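Q: One structure coming up, written as structure tokens, with questions to follow.
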Amino acid sequence: MLICFISEDPDHYPILEIARAKLIRSKPGEAPPQADLYVWDYAPGMALPSQIALRESSQHLVLADSRYLDEIGPLPQSACILLKPVSAFTLRAFVEMAWKAWELRQQAREAATLRLDRDALLQYVLEVNLKLQEYDQERSNFLARAIHDFRAPLTALHGYCGLLAEGKLGPVNTGQRELLERMRYSTSRLTRLAGGTLELLTEGRVARVPNRSEGDIEEALDQALQDVYPFLQDKQIEIDVQIEPASGSLLFETEQIQQVLMNLLENSSKFTPKDGRITVRGYPVQRGAREHGSGPEAQAPYFDFQAPFSDFQEKIGDGYRMDIMDSGPGVPAHLAEKIFEQYASYRGTGDRSGGGLGLAICRAIVAAHGGAIWATPRREGGCFSFVLPANPVRKSAPSTAYSSLQLA
């Protein structure tokens with residue numbers, strides 16, 4: 001099957017590149033080549049299939065903002081409208097469905113009597129799907145408003161717990177202070193989760209550029225460790241941290257990278273057994289480098305630590321890499337990508353097939369910073385890594401090669 005993607009930014013939506021089809025990219029105004037499937041990234045004023053002479057057997061996917069539905073006008077019977085923002089899962093599903101429809105059309109040439117019934121059924125499915133997408137957008141908008149309003153009382157509750165724990169409203173004993181600190185931690189965690197969920201709901205709808213400034217990754221990690229300390233303390237988890245200085249300055253939004261580190265540490269704490277171990281490594285990486293002497297791959301030769309990273313290295317170039325490893329169950333290779341999806345589900349207490357919203361939030365934040373995040377499949381022990389691009393301007397580094405921190 002031949003797919004033609006027509007967009008002002010034709011390098012967008014790489015998920016269209018499926019193994020069983022050939023992809024051609026084109027821009028509006030150019031004469032589109034003949035294809036079996038056309039994907040139109042609609043913008044106001046774009047000429048659509050009803051205005052261009054194309055063969056009748058072609059299928060069409062129109063990616064459009066709901067604000068412009070009235071401008072689109074009539075479309076061929078085989079056209080389907082997908083409302084922006086279109087998730088990778090939805091777009092992949094519709095491309096696969098178009099592939100199956102194309103195969104059916106090939107077969108229908110030998111059974112022309114089935115064509116009318118099939119097209120009528122397809123049209124019905126497309127109309128129902130458009131309605132479902134509209135309902136999904138309404139649901140997302142409702143949840144976004146609810147979560148936005150939910151954060152205000154959470155912030156107030158967090159402040160009240162702090163006032164009580166610090167004794168500013170009267171003396172409290174040790175047990176009460178410990179309980180208040182746990183309540184304060186829980187409300188803080190809920191606030192971060194609400195903020196991250198809001199980010200996911202508005203992803204693709206609101207353009208948000210991280211407020212980057214020169215930051216200290218070790219300070220961000222220290223704060224994240226303090227945030228997850230109750231988890232570590234309850235399960236008596238040993239923490240081994242080794243952070244090397246960055247080879248250049250790192251520009252990131254400190255609070256968001258703290259959230260990434262906290263979510264990854266919290267995920268590892270959840271799956272690490274009692275008296276287990278979590279290892280954190282931070283070190284600079286360079287384009288084209290294949291191994292790192294003090295990196296974790298030197299300590300775990302039974303799997304390829306570099307294989308997942310090599311897929312991102314050429315795009316990112318020089319950067320700074322963080323690895324969070326634990327002694328819990330490993331991540332199977334076929335689930336290494338799915339665990340970062342919003343709708344991944346849990347199957348059991350020892351199954352890492354779903355990491356909850358925390359990992360999806362991590363992926364959204366790292367992607368907004370121009371970096372990459374992934375899970376390395378291992379036979380035993382979880383391993384999550386992310387890389388942030390480094391600024392080429394170098395900053396003064398401490399004289400020590402790395403710092404080491406041990407917590408019990």
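Convention: chains lettered A, B, ... in structure tokens order; per-chain residue numbering from 1; ligands numbered from 1 as shown.
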DSSP on the backbone: what in stretch 10-209 of chain A comes out helix (DSSP H, G or I), as a VMD selection string?
A: chain A and resid 14 to 16 49 to 51 66 to 72 88 to 108 112 to 165 174 to 202
Q: Please compute the atom CA of A:Ser385-atom CA of A:Met322 distance, one decimal, in Å.
A: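 Atom-to-atom, atom CA of A:Ser385 and atom CA of A:Met322 are spaced 5.5 Å apart.
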Q: Excluding same-chain residues fewer than 5 positions from stretch 225-237 of chain A, what lies within 9 Å of it counting only C-alpha atoms, as a PyMOL selection string?
A: chain A and resi 182+185+188-189+220+261-263+265-266+269-270+272-278+407-408
Q: For N, CA and C atoms, I'd like the residues from the last selection saved as an mmCIF file, in the first residue's frame.
A:
```
data_model
loop_
_atom_site.group_PDB
_atom_site.id
_atom_site.type_symbol
_atom_site.label_atom_id
_atom_site.label_comp_id
_atom_site.auth_asym_id
_atom_site.auth_seq_id
_atom_site.Cartn_x
_atom_site.Cartn_y
_atom_site.Cartn_z
ATOM 1 N N ARG A 182 3.588 12.679 57.223
ATOM 2 C CA ARG A 182 3.127 11.717 56.221
ATOM 3 C C ARG A 182 1.938 12.281 55.440
ATOM 4 N N TYR A 185 3.307 14.756 53.034
ATOM 5 C CA TYR A 185 3.916 14.099 51.882
ATOM 6 C C TYR A 185 2.846 13.603 50.909
ATOM 7 N N SER A 188 1.316 16.456 49.019
ATOM 8 C CA SER A 188 2.277 16.937 48.030
ATOM 9 C C SER A 188 2.316 16.005 46.819
ATOM 10 N N ARG A 189 2.276 14.709 47.092
ATOM 11 C CA ARG A 189 2.280 13.723 45.999
ATOM 12 C C ARG A 189 1.011 13.841 45.162
ATOM 13 N N ALA A 220 18.631 18.356 42.075
ATOM 14 C CA ALA A 220 17.305 17.851 41.726
ATOM 15 C C ALA A 220 17.119 16.424 42.240
ATOM 16 N N LEU A 261 12.497 12.463 38.234
ATOM 17 C CA LEU A 261 13.327 11.636 39.119
ATOM 18 C C LEU A 261 12.502 11.027 40.238
ATOM 19 N N MET A 262 11.596 11.806 40.811
ATOM 20 C CA MET A 262 10.767 11.303 41.903
ATOM 21 C C MET A 262 9.847 10.188 41.412
ATOM 22 N N ASN A 263 9.233 10.372 40.223
ATOM 23 C CA ASN A 263 8.346 9.333 39.692
ATOM 24 C C ASN A 263 9.098 8.037 39.418
ATOM 25 N N LEU A 265 11.971 7.059 40.850
ATOM 26 C CA LEU A 265 12.373 6.479 42.135
ATOM 27 C C LEU A 265 11.178 5.852 42.858
ATOM 28 N N GLU A 266 10.028 6.520 42.773
ATOM 29 C CA GLU A 266 8.827 5.984 43.407
ATOM 30 C C GLU A 266 8.405 4.679 42.739
ATOM 31 N N SER A 269 10.776 2.072 43.957
ATOM 32 C CA SER A 269 10.493 1.748 45.357
ATOM 33 C C SER A 269 9.281 0.830 45.469
ATOM 34 N N LYS A 270 8.297 1.054 44.599
ATOM 35 C CA LYS A 270 7.062 0.271 44.647
ATOM 36 C C LYS A 270 7.335 -1.202 44.333
ATOM 37 N N THR A 272 10.508 -2.718 44.307
ATOM 38 C CA THR A 272 11.667 -3.299 44.988
ATOM 39 C C THR A 272 11.212 -3.994 46.268
ATOM 40 N N PRO A 273 11.627 -5.231 46.499
ATOM 41 C CA PRO A 273 11.218 -5.926 47.733
ATOM 42 C C PRO A 273 11.863 -5.296 48.962
ATOM 43 N N LYS A 274 11.348 -5.668 50.123
ATOM 44 C CA LYS A 274 11.901 -5.168 51.377
ATOM 45 C C LYS A 274 13.371 -5.550 51.493
ATOM 46 N N ASP A 275 14.169 -4.629 52.026
ATOM 47 C CA ASP A 275 15.622 -4.789 52.145
ATOM 48 C C ASP A 275 16.296 -4.898 50.773
ATOM 49 N N GLY A 276 15.632 -4.385 49.747
ATOM 50 C CA GLY A 276 16.212 -4.405 48.406
ATOM 51 C C GLY A 276 17.155 -3.237 48.182
ATOM 52 N N ARG A 277 17.459 -2.984 46.909
ATOM 53 C CA ARG A 277 18.479 -1.987 46.581
ATOM 54 C C ARG A 277 18.061 -1.214 45.328
ATOM 55 N N ILE A 278 18.294 0.091 45.347
ATOM 56 C CA ILE A 278 18.094 0.953 44.181
ATOM 57 C C ILE A 278 19.425 1.643 43.888
ATOM 58 N N LEU A 407 22.362 5.660 51.366
ATOM 59 C CA LEU A 407 21.281 5.819 52.327
ATOM 60 C C LEU A 407 20.774 4.446 52.713
ATOM 61 N N ALA A 408 20.419 4.254 53.946
ATOM 62 C CA ALA A 408 19.842 2.974 54.378
ATOM 63 C C ALA A 408 18.356 3.156 54.533
#
```
Q: Near A:Leu157, within 10 Å and counting only C-alpha atoms, which residues show up once chain neighbours fewer than 5 positions away are dropped, as a list in words?
A: Arg151, Ala152, Gly162, Leu163, Met183, Arg184, Thr187 and Ser188 of chain A
Q: Export, as a short mmCIF file (atom, residue, chain, number, x, y, z; two decimals), in the first residue's frame, the selected residues with N, CA and C atoms.
A:
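Ended up saving to result_39.cif:
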```cif
data_model
loop_
_atom_site.label_atom_id
_atom_site.label_comp_id
_atom_site.auth_asym_id
_atom_site.auth_seq_id
_atom_site.Cartn_x
_atom_site.Cartn_y
_atom_site.Cartn_z
N ARG A 151 -6.72 21.12 42.45
CA ARG A 151 -5.38 21.42 42.99
C ARG A 151 -5.41 22.50 44.07
N ALA A 152 -6.34 23.45 43.99
CA ALA A 152 -6.37 24.54 44.96
C ALA A 152 -6.60 24.05 46.39
N GLY A 162 1.55 21.54 57.07
CA GLY A 162 2.86 22.10 57.39
C GLY A 162 2.82 22.97 58.62
N LEU A 163 1.79 23.80 58.73
CA LEU A 163 1.65 24.66 59.91
C LEU A 163 1.52 23.84 61.19
N MET A 183 1.03 12.96 56.14
CA MET A 183 -0.10 13.60 55.45
C MET A 183 0.41 14.69 54.51
N ARG A 184 1.41 15.40 54.96
CA ARG A 184 1.97 16.47 54.13
C ARG A 184 2.62 15.87 52.87
N THR A 187 -0.26 14.72 50.47
CA THR A 187 -0.92 15.82 49.76
C THR A 187 0.02 16.41 48.70
N SER A 188 1.32 16.46 49.02
CA SER A 188 2.28 16.94 48.03
C SER A 188 2.32 16.00 46.82
#
```
Q: Do a neighbour search on stretch 138-147 of chain A at 8 Å with only C-alpha atoms, toss out local chain neighbours closer than 2 positions, and write the hits as a list in words.
A: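 In the requested form, the answer reads Glu134, Tyr135, Asp136, Asp149, Phe150, Arg151, Ala194, Gly195, Thr197, Leu198, Leu201 and Thr202 of chain A.
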Q: Please produce an output containing N, CA and C atoms for each residue in the selection, written as a PDB file, in the first residue's frame.
A:
```pdb
ATOM      1  N   GLU A 134     -15.596  13.037  19.636  1.00  0.00           N
ATOM      2  CA  GLU A 134     -16.131  14.266  20.226  1.00  0.00           C
ATOM      3  C   GLU A 134     -16.459  14.063  21.705  1.00  0.00           C
ATOM      4  N   TYR A 135     -17.071  12.914  22.028  1.00  0.00           N
ATOM      5  CA  TYR A 135     -17.366  12.623  23.432  1.00  0.00           C
ATOM      6  C   TYR A 135     -16.078  12.499  24.245  1.00  0.00           C
ATOM      7  N   ASP A 136     -15.032  11.911  23.641  1.00  0.00           N
ATOM      8  CA  ASP A 136     -13.761  11.763  24.340  1.00  0.00           C
ATOM      9  C   ASP A 136     -13.133  13.119  24.628  1.00  0.00           C
ATOM     10  N   ASP A 149      -9.401  22.593  39.281  1.00  0.00           N
ATOM     11  CA  ASP A 149     -10.054  23.073  40.504  1.00  0.00           C
ATOM     12  C   ASP A 149      -9.659  22.239  41.718  1.00  0.00           C
ATOM     13  N   PHE A 150      -9.267  20.991  41.480  1.00  0.00           N
ATOM     14  CA  PHE A 150      -8.917  20.074  42.565  1.00  0.00           C
ATOM     15  C   PHE A 150      -7.598  20.467  43.223  1.00  0.00           C
ATOM     16  N   ARG A 151      -6.720  21.121  42.455  1.00  0.00           N
ATOM     17  CA  ARG A 151      -5.382  21.425  42.988  1.00  0.00           C
ATOM     18  C   ARG A 151      -5.406  22.498  44.066  1.00  0.00           C
ATOM     19  N   ALA A 194      -1.791  15.445  40.290  1.00  0.00           N
ATOM     20  CA  ALA A 194      -2.834  16.225  39.632  1.00  0.00           C
ATOM     21  C   ALA A 194      -2.238  17.125  38.556  1.00  0.00           C
ATOM     22  N   GLY A 195      -1.092  17.749  38.874  1.00  0.00           N
ATOM     23  CA  GLY A 195      -0.440  18.593  37.877  1.00  0.00           C
ATOM     24  C   GLY A 195       0.027  17.805  36.677  1.00  0.00           C
ATOM     25  N   THR A 197      -1.197  14.902  35.628  1.00  0.00           N
ATOM     26  CA  THR A 197      -2.369  14.445  34.886  1.00  0.00           C
ATOM     27  C   THR A 197      -2.934  15.555  34.022  1.00  0.00           C
ATOM     28  N   LEU A 198      -2.942  16.773  34.560  1.00  0.00           N
ATOM     29  CA  LEU A 198      -3.410  17.918  33.776  1.00  0.00           C
ATOM     30  C   LEU A 198      -2.518  18.136  32.563  1.00  0.00           C
ATOM     31  N   LEU A 201      -3.544  15.570  29.976  1.00  0.00           N
ATOM     32  CA  LEU A 201      -4.834  15.866  29.355  1.00  0.00           C
ATOM     33  C   LEU A 201      -4.735  17.000  28.347  1.00  0.00           C
ATOM     34  N   THR A 202      -3.843  17.964  28.620  1.00  0.00           N
ATOM     35  CA  THR A 202      -3.707  19.110  27.717  1.00  0.00           C
ATOM     36  C   THR A 202      -2.590  18.923  26.708  1.00  0.00           C
TER      37      THR A 202
END
```
Q: Please identify which residues in stretch 58-156 of chain A DSSP calls strand (DSSP E or B) from the backbone, and express them as a ChimeraX atom specification.
A: /A:59-64,79-83
Q: Return the single residue from A:Met1, A:Ile257, A:Val62, A:Ile52 that is closest to A:Leu37, with distances computed using only C-alpha atoms.
A: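 Of A:Met1, A:Ile257, A:Val62, A:Ile52, the one nearest A:Leu37, counting only C-alpha atoms, is A:Met1.
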Q: Would you mind listing what lies within 10 Å of stretch 355-367 of chain A as a PDB file with N, CA and C atoms, in the first residue's frame, with only C-alpha atoms counted and same-chain residues fewer than 5 positions away left out?
A:
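Dumped everything to part_28.pdb:
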```
ATOM      1  N   ARG A 192       1.306  16.891  42.888  1.00  0.00           N
ATOM      2  CA  ARG A 192       2.153  16.641  41.720  1.00  0.00           C
ATOM      3  C   ARG A 192       1.448  15.732  40.716  1.00  0.00           C
ATOM      4  N   LEU A 193       0.737  14.714  41.230  1.00  0.00           N
ATOM      5  CA  LEU A 193       0.024  13.809  40.333  1.00  0.00           C
ATOM      6  C   LEU A 193      -1.082  14.548  39.587  1.00  0.00           C
ATOM      7  N   GLY A 195      -1.092  17.749  38.874  1.00  0.00           N
ATOM      8  CA  GLY A 195      -0.440  18.593  37.877  1.00  0.00           C
ATOM      9  C   GLY A 195       0.027  17.805  36.677  1.00  0.00           C
ATOM     10  N   GLY A 196       0.597  16.623  36.924  1.00  0.00           N
ATOM     11  CA  GLY A 196       1.054  15.788  35.817  1.00  0.00           C
ATOM     12  C   GLY A 196      -0.098  15.282  34.971  1.00  0.00           C
ATOM     13  N   THR A 197      -1.197  14.902  35.628  1.00  0.00           N
ATOM     14  CA  THR A 197      -2.369  14.445  34.886  1.00  0.00           C
ATOM     15  C   THR A 197      -2.934  15.555  34.022  1.00  0.00           C
ATOM     16  N   LEU A 198      -2.942  16.773  34.560  1.00  0.00           N
ATOM     17  CA  LEU A 198      -3.410  17.918  33.776  1.00  0.00           C
ATOM     18  C   LEU A 198      -2.518  18.136  32.563  1.00  0.00           C
ATOM     19  N   GLU A 199      -1.211  17.937  32.733  1.00  0.00           N
ATOM     20  CA  GLU A 199      -0.282  18.066  31.603  1.00  0.00           C
ATOM     21  C   GLU A 199      -0.613  17.030  30.521  1.00  0.00           C
ATOM     22  N   LEU A 200      -0.921  15.802  30.940  1.00  0.00           N
ATOM     23  CA  LEU A 200      -1.248  14.763  29.967  1.00  0.00           C
ATOM     24  C   LEU A 200      -2.546  15.061  29.237  1.00  0.00           C
ATOM     25  N   GLU A 203      -1.915  17.747  26.737  1.00  0.00           N
ATOM     26  CA  GLU A 203      -0.819  17.500  25.802  1.00  0.00           C
ATOM     27  C   GLU A 203      -1.334  17.568  24.370  1.00  0.00           C
ATOM     28  N   PRO A 210       9.022  24.265  28.247  1.00  0.00           N
ATOM     29  CA  PRO A 210       9.621  24.294  29.586  1.00  0.00           C
ATOM     30  C   PRO A 210      10.414  25.579  29.821  1.00  0.00           C
ATOM     31  N   PHE A 252      17.317  23.016  32.162  1.00  0.00           N
ATOM     32  CA  PHE A 252      16.054  22.306  32.342  1.00  0.00           C
ATOM     33  C   PHE A 252      15.205  23.044  33.362  1.00  0.00           C
ATOM     34  N   GLU A 253      13.912  22.710  33.378  1.00  0.00           N
ATOM     35  CA  GLU A 253      12.998  23.257  34.379  1.00  0.00           C
ATOM     36  C   GLU A 253      13.124  22.389  35.628  1.00  0.00           C
ATOM     37  N   GLN A 256      10.230  20.274  37.144  1.00  0.00           N
ATOM     38  CA  GLN A 256       9.743  19.170  36.317  1.00  0.00           C
ATOM     39  C   GLN A 256      10.736  17.999  36.307  1.00  0.00           C
ATOM     40  N   ILE A 257      12.033  18.285  36.226  1.00  0.00           N
ATOM     41  CA  ILE A 257      13.007  17.191  36.247  1.00  0.00           C
ATOM     42  C   ILE A 257      13.028  16.519  37.619  1.00  0.00           C
ATOM     43  N   GLN A 259      10.368  16.084  39.315  1.00  0.00           N
ATOM     44  CA  GLN A 259       9.210  15.198  39.248  1.00  0.00           C
ATOM     45  C   GLN A 259       9.535  13.931  38.473  1.00  0.00           C
ATOM     46  N   VAL A 260      10.305  14.047  37.390  1.00  0.00           N
ATOM     47  CA  VAL A 260      10.709  12.860  36.640  1.00  0.00           C
ATOM     48  C   VAL A 260      11.504  11.914  37.538  1.00  0.00           C
ATOM     49  N   LEU A 261      12.497  12.463  38.234  1.00  0.00           N
ATOM     50  CA  LEU A 261      13.327  11.636  39.119  1.00  0.00           C
ATOM     51  C   LEU A 261      12.502  11.027  40.238  1.00  0.00           C
ATOM     52  N   MET A 262      11.596  11.806  40.811  1.00  0.00           N
ATOM     53  CA  MET A 262      10.767  11.303  41.903  1.00  0.00           C
ATOM     54  C   MET A 262       9.847  10.188  41.412  1.00  0.00           C
ATOM     55  N   ASN A 263       9.233  10.372  40.223  1.00  0.00           N
ATOM     56  CA  ASN A 263       8.346   9.333  39.692  1.00  0.00           C
ATOM     57  C   ASN A 263       9.098   8.037  39.418  1.00  0.00           C
ATOM     58  N   LEU A 264      10.312   8.150  38.859  1.00  0.00           N
ATOM     59  CA  LEU A 264      11.097   6.951  38.576  1.00  0.00           C
ATOM     60  C   LEU A 264      11.543   6.267  39.866  1.00  0.00           C
ATOM     61  N   GLU A 266      10.028   6.520  42.773  1.00  0.00           N
ATOM     62  CA  GLU A 266       8.827   5.984  43.407  1.00  0.00           C
ATOM     63  C   GLU A 266       8.405   4.679  42.739  1.00  0.00           C
ATOM     64  N   ASN A 267       8.522   4.625  41.421  1.00  0.00           N
ATOM     65  CA  ASN A 267       8.204   3.396  40.695  1.00  0.00           C
ATOM     66  C   ASN A 267       9.130   2.261  41.119  1.00  0.00           C
ATOM     67  N   SER A 268      10.433   2.556  41.220  1.00  0.00           N
ATOM     68  CA  SER A 268      11.373   1.532  41.653  1.00  0.00           C
ATOM     69  C   SER A 268      11.106   1.112  43.096  1.00  0.00           C
ATOM     70  N   LYS A 270       8.297   1.054  44.599  1.00  0.00           N
ATOM     71  CA  LYS A 270       7.062   0.271  44.647  1.00  0.00           C
ATOM     72  C   LYS A 270       7.335  -1.202  44.333  1.00  0.00           C
ATOM     73  N   PHE A 271       8.253  -1.459  43.395  1.00  0.00           N
ATOM     74  CA  PHE A 271       8.484  -2.828  42.954  1.00  0.00           C
ATOM     75  C   PHE A 271       9.694  -3.488  43.616  1.00  0.00           C
ATOM     76  N   LYS A 338       5.364  -0.065  26.078  1.00  0.00           N
ATOM     77  CA  LYS A 338       3.968   0.092  26.495  1.00  0.00           C
ATOM     78  C   LYS A 338       3.828   0.669  27.894  1.00  0.00           C
ATOM     79  N   ILE A 339       4.821   0.447  28.762  1.00  0.00           N
ATOM     80  CA  ILE A 339       4.672   0.904  30.143  1.00  0.00           C
ATOM     81  C   ILE A 339       4.673   2.420  30.260  1.00  0.00           C
ATOM     82  N   PHE A 340       5.069   3.133  29.191  1.00  0.00           N
ATOM     83  CA  PHE A 340       5.042   4.593  29.227  1.00  0.00           C
ATOM     84  C   PHE A 340       3.728   5.160  28.680  1.00  0.00           C
ATOM     85  N   GLU A 341       2.797   4.293  28.264  1.00  0.00           N
ATOM     86  CA  GLU A 341       1.528   4.774  27.741  1.00  0.00           C
ATOM     87  C   GLU A 341       0.581   5.110  28.890  1.00  0.00           C
ATOM     88  N   GLN A 342      -0.327   6.065  28.628  1.00  0.00           N
ATOM     89  CA  GLN A 342      -1.240   6.529  29.673  1.00  0.00           C
ATOM     90  C   GLN A 342      -2.181   5.435  30.149  1.00  0.00           C
ATOM     91  N   TYR A 343      -2.546   4.519  29.244  1.00  0.00           N
ATOM     92  CA  TYR A 343      -3.589   3.555  29.580  1.00  0.00           C
ATOM     93  C   TYR A 343      -3.031   2.167  29.854  1.00  0.00           C
ATOM     94  N   ALA A 344      -1.731   2.076  30.163  1.00  0.00           N
ATOM     95  CA  ALA A 344      -1.163   0.776  30.539  1.00  0.00           C
ATOM     96  C   ALA A 344      -1.792   0.329  31.857  1.00  0.00           C
ATOM     97  N   SER A 345      -2.085  -0.956  31.983  1.00  0.00           N
ATOM     98  CA  SER A 345      -2.804  -1.451  33.158  1.00  0.00           C
ATOM     99  C   SER A 345      -1.943  -2.426  33.950  1.00  0.00           C
ATOM    100  N   TYR A 346      -2.196  -2.474  35.266  1.00  0.00           N
ATOM    101  CA  TYR A 346      -1.498  -3.417  36.134  1.00  0.00           C
ATOM    102  C   TYR A 346      -2.110  -4.802  36.016  1.00  0.00           C
ATOM    103  N   ALA A 372      15.061  11.988  25.797  1.00  0.00           N
ATOM    104  CA  ALA A 372      14.477  10.674  25.531  1.00  0.00           C
ATOM    105  C   ALA A 372      14.479   9.871  26.819  1.00  0.00           C
ATOM    106  N   ILE A 373      13.473   8.992  26.957  1.00  0.00           N
ATOM    107  CA  ILE A 373      13.356   8.138  28.137  1.00  0.00           C
ATOM    108  C   ILE A 373      12.968   6.743  27.664  1.00  0.00           C
ATOM    109  N   TRP A 374      13.481   5.715  28.328  1.00  0.00           N
ATOM    110  CA  TRP A 374      13.187   4.343  27.924  1.00  0.00           C
ATOM    111  C   TRP A 374      13.432   3.394  29.089  1.00  0.00           C
ATOM    112  N   PHE A 384      15.411   2.020  34.296  1.00  0.00           N
ATOM    113  CA  PHE A 384      14.831   3.119  33.541  1.00  0.00           C
ATOM    114  C   PHE A 384      15.898   4.193  33.353  1.00  0.00           C
ATOM    115  N   PHE A 386      16.935   8.068  31.252  1.00  0.00           N
ATOM    116  CA  PHE A 386      16.565   9.196  30.415  1.00  0.00           C
ATOM    117  C   PHE A 386      17.796  10.046  30.148  1.00  0.00           C
ATOM    118  N   VAL A 387      17.758  10.777  29.043  1.00  0.00           N
ATOM    119  CA  VAL A 387      18.864  11.637  28.628  1.00  0.00           C
ATOM    120  C   VAL A 387      18.322  13.025  28.359  1.00  0.00           C
ATOM    121  N   LEU A 388      19.012  14.028  28.891  1.00  0.00           N
ATOM    122  CA  LEU A 388      18.704  15.428  28.593  1.00  0.00           C
ATOM    123  C   LEU A 388      19.815  15.987  27.714  1.00  0.00           C
TER     124      LEU A 388
END
```
Q: Can you work out the spacing between atom CA of A:Thr155 and atom CA of A:Gln137 in Å, to one decimal?
A: 27.4 Å
Q: To one decimal place in Å, what is the distance between atom CA of A:Val39 and atom CA of A:Gln107?
A: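 Those two atoms sit 23.1 Å apart.
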Q: Near stretch 70-79 of chain A, counting only C-alpha atoms, which residues have an atom at most 10 Å away, once you skip same-chain residues fewer than 6 positions from it, shown as a ChimeraX atom specification?
A: /A:37-39,42-51,56-62,64,98,119-120,122-123,126
